[in-house]
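For reference, work-v8.tsv is printed below; it contains TSV, N, CA, C and O atoms.
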chain	number	residue	atom	x	y	z
A	15	MET	N	0.85	-1.17	0.00
A	15	MET	CA	0.00	0.00	0.00
A	15	MET	C	0.89	1.23	0.00
A	15	MET	O	1.73	1.40	0.88
A	16	PRO	N	0.76	2.11	-0.96
A	16	PRO	CA	1.61	3.29	-1.05
A	16	PRO	C	1.28	4.29	0.06
A	16	PRO	O	0.17	4.33	0.58
A	17	LEU	N	2.28	5.10	0.38
A	17	LEU	CA	2.10	6.13	1.39
A	17	LEU	C	1.31	7.30	0.83
A	17	LEU	O	1.44	7.64	-0.34
A	18	SER	N	0.52	7.91	1.69
A	18	SER	CA	-0.17	9.12	1.27
A	18	SER	C	0.84	10.26	1.19
A	18	SER	O	1.96	10.16	1.68
A	19	GLU	N	0.44	11.35	0.59
A	19	GLU	CA	1.33	12.51	0.45
A	19	GLU	C	1.76	13.05	1.81
A	19	GLU	O	2.92	13.39	2.03
A	20	GLU	N	0.83	13.10	2.75
A	20	GLU	CA	1.15	13.60	4.10
A	20	GLU	C	2.12	12.65	4.82
A	20	GLU	O	3.08	13.09	5.47
A	21	GLU	N	1.90	11.36	4.68
A	21	GLU	CA	2.80	10.39	5.31
A	21	GLU	C	4.21	10.46	4.70
A	21	GLU	O	5.21	10.38	5.42
A	22	ARG	N	4.29	10.66	3.41
A	22	ARG	CA	5.58	10.76	2.74
A	22	ARG	C	6.34	12.01	3.21
A	22	ARG	O	7.52	11.96	3.50
A	23	ARG	N	5.63	13.14	3.33
A	23	ARG	CA	6.27	14.37	3.82
A	23	ARG	C	6.73	14.21	5.27
A	23	ARG	O	7.82	14.65	5.63
A	24	THR	N	5.92	13.55	6.08
A	24	THR	CA	6.30	13.32	7.48
A	24	THR	C	7.53	12.43	7.56
A	24	THR	O	8.46	12.70	8.35
A	25	LEU	N	7.57	11.40	6.76
A	25	LEU	CA	8.73	10.51	6.74
A	25	LEU	C	9.99	11.25	6.28
A	25	LEU	O	11.06	11.09	6.87
A	26	GLU	N	9.87	12.07	5.26
A	26	GLU	CA	11.03	12.86	4.80
A	26	GLU	C	11.50	13.82	5.86
A	26	GLU	O	12.71	14.01	6.07
A	27	ARG	N	10.57	14.43	6.60
A	27	ARG	CA	10.95	15.35	7.68
A	27	ARG	C	11.67	14.60	8.79
A	27	ARG	O	12.69	15.06	9.31
A	28	LEU	N	11.19	13.40	9.13
A	28	LEU	CA	11.85	12.59	10.15
A	28	LEU	C	13.26	12.19	9.71
A	28	LEU	O	14.20	12.18	10.51
A	29	GLU	N	13.41	11.86	8.43
A	29	GLU	CA	14.74	11.51	7.91
A	29	GLU	C	15.70	12.69	8.00
A	29	GLU	O	16.86	12.53	8.38
A	30	ARG	N	15.23	13.88	7.65
A	30	ARG	CA	16.09	15.07	7.74
A	30	ARG	C	16.46	15.36	9.19
A	30	ARG	O	17.60	15.71	9.48
A	31	ASP	N	15.49	15.22	10.10
A	31	ASP	CA	15.77	15.46	11.52
A	31	ASP	C	16.80	14.46	12.05
A	31	ASP	O	17.70	14.82	12.81
A	32	LEU	N	16.67	13.21	11.65
A	32	LEU	CA	17.63	12.19	12.08
A	32	LEU	C	19.02	12.49	11.54
A	32	LEU	O	20.01	12.42	12.27
A	33	ALA	N	19.11	12.87	10.26
A	33	ALA	CA	20.40	13.18	9.66
A	33	ALA	C	21.04	14.38	10.35
A	33	ALA	O	22.26	14.44	10.50
A	34	ALA	N	20.24	15.33	10.78
A	34	ALA	CA	20.78	16.52	11.46
A	34	ALA	C	21.21	16.20	12.89
A	34	ALA	O	22.23	16.69	13.36
A	35	SER	N	20.44	15.36	13.58
A	35	SER	CA	20.75	15.10	14.99
A	35	SER	C	21.80	14.02	15.18
A	35	SER	O	22.60	14.09	16.11
A	36	ASP	N	21.83	13.01	14.32
A	36	ASP	CA	22.81	11.92	14.47
A	36	ASP	C	23.27	11.47	13.08
A	36	ASP	O	22.78	10.47	12.55
A	37	PRO	N	24.25	12.16	12.50
A	37	PRO	CA	24.66	11.82	11.13
A	37	PRO	C	25.27	10.43	11.00
A	37	PRO	O	25.12	9.78	9.97
A	38	GLU	N	25.97	9.94	12.05
A	38	GLU	CA	26.56	8.60	11.96
A	38	GLU	C	25.48	7.53	11.88
A	38	GLU	O	25.59	6.58	11.09
A	39	LEU	N	24.44	7.65	12.70
A	39	LEU	CA	23.35	6.69	12.64
A	39	LEU	C	22.64	6.77	11.29
A	39	LEU	O	22.28	5.74	10.71
A	40	ALA	N	22.44	7.96	10.78
A	40	ALA	CA	21.80	8.11	9.47
A	40	ALA	C	22.62	7.43	8.38
A	40	ALA	O	22.07	6.76	7.51
A	41	PHE	N	23.96	7.56	8.44
A	41	PHE	CA	24.83	6.91	7.47
A	41	PHE	C	24.70	5.39	7.57
A	41	PHE	O	24.59	4.70	6.55
A	42	GLU	N	24.71	4.87	8.78
A	42	GLU	CA	24.60	3.41	8.97
A	42	GLU	C	23.26	2.89	8.45
A	42	GLU	O	23.20	1.83	7.84
A	43	LEU	N	22.20	3.63	8.69
A	43	LEU	CA	20.89	3.19	8.22
A	43	LEU	C	20.79	3.25	6.70
A	43	LEU	O	20.18	2.37	6.08
A	44	GLN	N	21.39	4.26	6.07
A	44	GLN	CA	21.34	4.37	4.62
A	44	GLN	C	22.21	3.32	3.94
A	44	GLN	O	21.83	2.73	2.94
A	45	SER	N	23.40	3.09	4.49
A	45	SER	CA	24.33	2.17	3.83
A	45	SER	C	24.06	0.71	4.19
A	45	SER	O	24.44	-0.19	3.45
A	46	GLY	N	23.47	0.47	5.34
A	46	GLY	CA	23.20	-0.90	5.76
A	46	GLY	C	24.37	-1.58	6.44
A	46	GLY	O	24.32	-2.75	6.75
A	47	ARG	N	25.46	-0.85	6.67
A	47	ARG	CA	26.61	-1.43	7.36
A	47	ARG	C	27.20	-0.40	8.31
A	47	ARG	O	27.11	0.80	8.07
A	48	PRO	N	27.78	-0.86	9.40
A	48	PRO	CA	28.35	0.08	10.35
A	48	PRO	C	29.53	0.85	9.76
A	48	PRO	O	30.25	0.34	8.91
A	49	ARG	N	29.73	2.04	10.25
A	49	ARG	CA	30.85	2.86	9.78
A	49	ARG	C	32.16	2.22	10.21
A	49	ARG	O	32.31	1.77	11.33
A	50	GLY	N	33.09	2.14	9.31
A	50	GLY	CA	34.40	1.59	9.62
A	50	GLY	C	34.49	0.08	9.48
A	50	GLY	O	35.49	-0.52	9.86
A	51	ALA	N	33.47	-0.56	8.93
A	51	ALA	CA	33.48	-2.02	8.81
A	51	ALA	C	34.57	-2.49	7.86
A	51	ALA	O	35.24	-3.49	8.13
A	52	THR	N	34.79	-1.77	6.78
A	52	THR	CA	35.82	-2.16	5.82
A	52	THR	C	37.21	-2.02	6.44
A	52	THR	O	38.06	-2.90	6.29
A	53	THR	N	37.42	-0.94	7.17
A	53	THR	CA	38.70	-0.73	7.83
A	53	THR	C	38.96	-1.82	8.85
A	53	THR	O	40.08	-2.33	8.97
A	54	ARG	N	37.93	-2.20	9.60
A	54	ARG	CA	38.08	-3.25	10.61
A	54	ARG	C	38.46	-4.57	9.94
A	54	ARG	O	39.32	-5.30	10.43
A	55	ARG	N	37.85	-4.87	8.81
A	55	ARG	CA	38.18	-6.13	8.11
A	55	ARG	C	39.61	-6.12	7.59
A	55	ARG	O	40.32	-7.11	7.70
A	56	ILE	N	40.03	-5.00	7.02
A	56	ILE	CA	41.40	-4.92	6.48
A	56	ILE	C	42.42	-5.03	7.60
A	56	ILE	O	43.39	-5.80	7.50
A	57	LEU	N	42.22	-4.29	8.68
A	57	LEU	CA	43.17	-4.35	9.80
A	57	LEU	C	43.15	-5.71	10.48
A	57	LEU	O	44.20	-6.21	10.91
A	58	GLY	N	41.99	-6.33	10.58
A	58	GLY	CA	41.91	-7.67	11.15
A	58	GLY	C	42.67	-8.69	10.33
A	58	GLY	O	43.42	-9.52	10.86
A	59	ALA	N	42.49	-8.63	9.01
A	59	ALA	CA	43.22	-9.56	8.13
A	59	ALA	C	44.72	-9.32	8.19
A	59	ALA	O	45.52	-10.27	8.22
A	60	LEU	N	45.11	-8.05	8.24
A	60	LEU	CA	46.53	-7.72	8.35
A	60	LEU	C	47.12	-8.23	9.66
A	60	LEU	O	48.23	-8.78	9.67
A	61	ALA	N	46.38	-8.11	10.75
A	61	ALA	CA	46.85	-8.61	12.04
A	61	ALA	C	47.00	-10.13	12.02
A	61	ALA	O	47.95	-10.67	12.60
A	62	VAL	N	46.09	-10.83	11.35
A	62	VAL	CA	46.19	-12.29	11.26
A	62	VAL	C	47.45	-12.68	10.48
A	62	VAL	O	48.21	-13.56	10.91
A	63	VAL	N	47.70	-12.02	9.37
A	63	VAL	CA	48.88	-12.34	8.55
A	63	VAL	C	50.16	-12.04	9.31
A	63	VAL	O	51.09	-12.87	9.34
A	64	VAL	N	50.24	-10.87	9.94
A	64	VAL	CA	51.44	-10.52	10.70
A	64	VAL	C	51.62	-11.46	11.88
A	64	VAL	O	52.74	-11.88	12.20
A	65	GLY	N	50.51	-11.83	12.53
A	65	GLY	CA	50.59	-12.77	13.65
A	65	GLY	C	51.14	-14.12	13.24
A	65	GLY	O	52.00	-14.69	13.92
A	66	PHE	N	50.67	-14.63	12.10
A	66	PHE	CA	51.20	-15.90	11.61
A	66	PHE	C	52.67	-15.77	11.24
A	66	PHE	O	53.46	-16.69	11.44
A	67	GLY	N	53.04	-14.62	10.70
A	67	GLY	CA	54.44	-14.37	10.39
A	67	GLY	C	55.30	-14.40	11.64
A	67	GLY	O	56.41	-14.97	11.65
A	68	LEU	N	54.79	-13.82	12.73
A	68	LEU	CA	55.51	-13.85	14.00
A	68	LEU	C	55.61	-15.27	14.56
A	68	LEU	O	56.63	-15.64	15.14
A	69	VAL	N	54.56	-16.06	14.40
A	69	VAL	CA	54.60	-17.45	14.85
A	69	VAL	C	55.69	-18.21	14.09
A	69	VAL	O	56.50	-18.93	14.69
A	70	ILE	N	55.74	-18.03	12.80
A	70	ILE	CA	56.76	-18.71	11.98
A	70	ILE	C	58.16	-18.22	12.36
A	70	ILE	O	59.09	-19.01	12.48
A	71	ALA	N	58.28	-16.90	12.57
A	71	ALA	CA	59.59	-16.36	12.98
A	71	ALA	C	59.98	-16.90	14.36
A	71	ALA	O	61.16	-17.18	14.60
A	72	GLY	N	59.01	-17.05	15.24
A	72	GLY	CA	59.30	-17.61	16.56
A	72	GLY	C	59.76	-19.05	16.48
A	72	GLY	O	60.65	-19.48	17.23
A	73	ILE	N	59.17	-19.82	15.58
A	73	ILE	CA	59.59	-21.21	15.39
A	73	ILE	C	60.99	-21.25	14.79
A	73	ILE	O	61.85	-22.02	15.23
A	74	ALA	N	61.25	-20.40	13.81
A	74	ALA	CA	62.55	-20.40	13.13
A	74	ALA	C	63.68	-19.97	14.06
A	74	ALA	O	64.78	-20.52	14.00
A	75	THR	N	63.40	-19.00	14.93
A	75	THR	CA	64.44	-18.50	15.84
A	75	THR	C	64.41	-19.21	17.19
A	75	THR	O	65.26	-18.94	18.03
A	76	GLN	N	63.43	-20.05	17.40
A	76	GLN	CA	63.24	-20.79	18.66
A	76	GLN	C	63.05	-19.84	19.84
A	76	GLN	O	63.48	-20.13	20.96
A	77	LEU	N	62.38	-18.70	19.59
A	77	LEU	CA	62.01	-17.78	20.65
A	77	LEU	C	60.52	-17.99	20.96
A	77	LEU	O	59.65	-17.63	20.18
A	78	VAL	N	60.27	-18.59	22.10
A	78	VAL	CA	58.89	-18.92	22.47
A	78	VAL	C	58.04	-17.67	22.60
A	78	VAL	O	56.88	-17.65	22.15
A	79	ILE	N	58.59	-16.63	23.19
A	79	ILE	CA	57.82	-15.41	23.41
A	79	ILE	C	57.36	-14.80	22.08
A	79	ILE	O	56.25	-14.27	21.98
A	80	LEU	N	58.18	-14.89	21.05
A	80	LEU	CA	57.81	-14.37	19.74
A	80	LEU	C	56.64	-15.18	19.16
A	80	LEU	O	55.70	-14.61	18.59
A	81	GLY	N	56.68	-16.49	19.32
A	81	GLY	CA	55.58	-17.33	18.85
A	81	GLY	C	54.29	-17.06	19.60
A	81	GLY	O	53.21	-17.01	19.01
A	82	VAL	N	54.40	-16.86	20.92
A	82	VAL	CA	53.21	-16.57	21.73
A	82	VAL	C	52.62	-15.22	21.33
A	82	VAL	O	51.39	-15.10	21.18
A	83	LEU	N	53.45	-14.22	21.17
A	83	LEU	CA	52.95	-12.90	20.74
A	83	LEU	C	52.30	-12.98	19.36
A	83	LEU	O	51.26	-12.35	19.12
A	84	GLY	N	52.89	-13.75	18.47
A	84	GLY	CA	52.30	-13.93	17.15
A	84	GLY	C	50.94	-14.61	17.21
A	84	GLY	O	49.99	-14.21	16.52
A	85	PHE	N	50.83	-15.63	18.05
A	85	PHE	CA	49.55	-16.32	18.22
A	85	PHE	C	48.50	-15.38	18.78
A	85	PHE	O	47.35	-15.36	18.32
A	86	LEU	N	48.87	-14.58	19.78
A	86	LEU	CA	47.92	-13.64	20.38
A	86	LEU	C	47.48	-12.59	19.36
A	86	LEU	O	46.30	-12.24	19.29
A	87	LEU	N	48.43	-12.09	18.57
A	87	LEU	CA	48.09	-11.10	17.55
A	87	LEU	C	47.18	-11.71	16.49
A	87	LEU	O	46.19	-11.09	16.07
A	88	ALA	N	47.48	-12.92	16.05
A	88	ALA	CA	46.64	-13.57	15.04
A	88	ALA	C	45.23	-13.84	15.60
A	88	ALA	O	44.23	-13.67	14.89
A	89	SER	N	45.15	-14.25	16.85
A	89	SER	CA	43.84	-14.51	17.47
A	89	SER	C	43.03	-13.22	17.59
A	89	SER	O	41.83	-13.19	17.29
A	90	ALA	N	43.68	-12.15	18.04
A	90	ALA	CA	42.99	-10.87	18.16
A	90	ALA	C	42.55	-10.36	16.80
A	90	ALA	O	41.43	-9.85	16.64
A	91	GLY	N	43.40	-10.54	15.80
A	91	GLY	CA	43.03	-10.12	14.45
A	91	GLY	C	41.85	-10.90	13.89
A	91	GLY	O	40.97	-10.34	13.25
A	92	ALA	N	41.83	-12.20	14.16
A	92	ALA	CA	40.71	-13.02	13.70
A	92	ALA	C	39.41	-12.61	14.39
A	92	ALA	O	38.36	-12.53	13.75
A	93	TYR	N	39.50	-12.32	15.68
A	93	TYR	CA	38.30	-11.86	16.40
A	93	TYR	C	37.81	-10.55	15.81
A	93	TYR	O	36.62	-10.36	15.58
A	94	TRP	N	38.74	-9.63	15.59
A	94	TRP	CA	38.39	-8.32	15.05
A	94	TRP	C	37.83	-8.46	13.63
A	94	TRP	O	36.87	-7.79	13.25
A	95	LEU	N	38.38	-9.37	12.87
A	95	LEU	CA	37.94	-9.59	11.50
A	95	LEU	C	36.52	-10.14	11.45
A	95	LEU	O	35.69	-9.71	10.64
A	96	PHE	N	36.21	-11.09	12.32
A	96	PHE	CA	34.91	-11.77	12.26
A	96	PHE	C	33.89	-11.25	13.27
A	96	PHE	O	32.78	-11.76	13.33
A	97	SER	N	34.23	-10.24	14.06
A	97	SER	CA	33.30	-9.78	15.10
A	97	SER	C	32.06	-9.10	14.53
A	97	SER	O	31.03	-9.08	15.16
A	98	GLY	N	32.14	-8.55	13.34
A	98	GLY	CA	30.99	-7.87	12.76
A	98	GLY	C	30.37	-8.61	11.60
A	98	GLY	O	29.86	-8.00	10.69
A	99	THR	N	30.40	-9.93	11.62
A	99	THR	CA	29.88	-10.69	10.48
A	99	THR	C	28.37	-10.55	10.39
A	99	THR	O	27.69	-10.25	11.36
A	100	SER	N	27.85	-10.80	9.21
A	100	SER	CA	26.42	-10.64	8.98
A	100	SER	C	25.61	-11.77	9.59
A	100	SER	O	24.39	-11.68	9.64
A	101	LEU	N	26.25	-12.84	10.05
A	101	LEU	CA	25.50	-13.95	10.67
A	101	LEU	C	24.72	-13.46	11.87
A	101	LEU	O	23.55	-13.80	12.05
A	102	ARG	N	25.32	-12.63	12.69
A	102	ARG	CA	24.61	-12.09	13.85
A	102	ARG	C	23.40	-11.27	13.43
A	102	ARG	O	22.33	-11.37	14.00
A	103	ARG	N	23.59	-10.44	12.39
A	103	ARG	CA	22.48	-9.61	11.93
A	103	ARG	C	21.35	-10.46	11.38
A	103	ARG	O	20.18	-10.18	11.62
A	104	ARG	N	21.70	-11.51	10.63
A	104	ARG	CA	20.65	-12.37	10.07
A	104	ARG	C	19.87	-13.08	11.17
A	104	ARG	O	18.65	-13.20	11.09
A	105	LEU	N	20.56	-13.53	12.20
A	105	LEU	CA	19.87	-14.19	13.30
A	105	LEU	C	18.96	-13.23	14.04
A	105	LEU	O	17.85	-13.57	14.43
A	106	ARG	N	19.41	-11.99	14.22
A	106	ARG	CA	18.59	-11.00	14.92
A	106	ARG	C	17.36	-10.63	14.10
A	106	ARG	O	16.30	-10.39	14.65
A	107	ARG	N	17.49	-10.57	12.77
A	107	ARG	CA	16.35	-10.25	11.92
A	107	ARG	C	15.26	-11.29	12.03
A	107	ARG	O	14.08	-11.00	11.97
A	108	ARG	N	15.67	-12.56	12.15
A	108	ARG	CA	14.72	-13.64	12.27
A	108	ARG	C	14.16	-13.76	13.69
A	108	ARG	O	13.25	-14.54	13.94
A	109	GLY	N	14.72	-13.03	14.63
A	109	GLY	CA	14.25	-13.09	16.00
A	109	GLY	C	14.92	-14.16	16.81
A	109	GLY	O	14.56	-14.38	17.97
A	110	GLU	N	15.92	-14.84	16.25
A	110	GLU	CA	16.64	-15.88	16.98
A	110	GLU	C	17.77	-15.24	17.76
A	110	GLU	O	18.31	-14.23	17.38
A	111	GLN	N	18.14	-15.86	18.86
A	111	GLN	CA	19.26	-15.40	19.65
A	111	GLN	C	20.49	-16.22	19.31
A	111	GLN	O	20.41	-17.44	19.27
A	112	PRO	N	21.64	-15.56	19.04
A	112	PRO	CA	22.85	-16.33	18.76
A	112	PRO	C	23.26	-17.11	19.99
A	112	PRO	O	23.12	-16.65	21.12
A	113	SER	N	23.74	-18.33	19.78
A	113	SER	CA	24.17	-19.13	20.90
A	113	SER	C	25.47	-18.58	21.46
A	113	SER	O	26.33	-18.14	20.72
A	114	PRO	N	25.62	-18.57	22.80
A	114	PRO	CA	26.81	-17.98	23.41
A	114	PRO	C	28.05	-18.79	23.16
A	114	PRO	O	28.15	-19.87	22.82
Give the structure from this file in structure tokens form.
Amino acid sequence: MPLSEEERRTLERLERDLAASDPELAFELQSGRPRGATTRRILGALAVVVGFGLVIAGIATQLVILGVLGFLLASAGAYWLFSGTSLRRRLRRRGEQPSP
């Protein structure tokens, strides 16, 4: 059912008010993705690669601390990379709760 002219004007006014009061939220609603999601993915992937490099360097030099730091960096990068996946959003749209 199409909107009436008055409803359309009201909706446009609400959109302008939202954009003026909270531009970041307006951007997220228009684009459908959180701000900085691409940057988070790139930095997460870079952290995973550098972390694995440190693990390999730790094995090659037999420095345990280097391997541990590499593992921690790779783990943190993987968490950062996958923390904003669309799986959570899809489950929330359906009304299901993600399992802990």
Legend entry - Shell of 10 Å around Leu83 in chain A, only C-alpha atoms, local chain residues under 4 positions omitted, as a VMD selection string: chain A and resid 65 to 66 68 to 69 72 78 to 79 87 to 89
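Separating atom C of Gln76 in chain A from atom O of Gly58 in chain A is a distance of 23.9 Å.
Rounded to one decimal, atom N of Ala74 in chain A and atom C of Phe96 in chain A lie 28.9 Å from each other.
Atom to atom, atom N of Tyr93 in chain A and CA of Ala71 in chain A stand 20.7 Å apart.
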Inset, instruction - Using backbone DSSP assignments, extract all alpha helix (DSSP H) residues from range 16-102 of chain A; output them as number ranges by chain. - result: A: 19-35, 37-45, 51-75, 78-96, 100-102
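The residue that comes closest to Ala61 in chain A, out of A:Ser97, A:Phe85, A:Pro16, A:Ile73 and on the basis of only N, CA, C and O atoms, is A:Phe85.
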Legend entry - Nearest candidate to Trp94 in chain A (options A:Ala51, A:Ser35, A:Leu80, A:Glu29; using all atoms listed in the file): A:Ala51
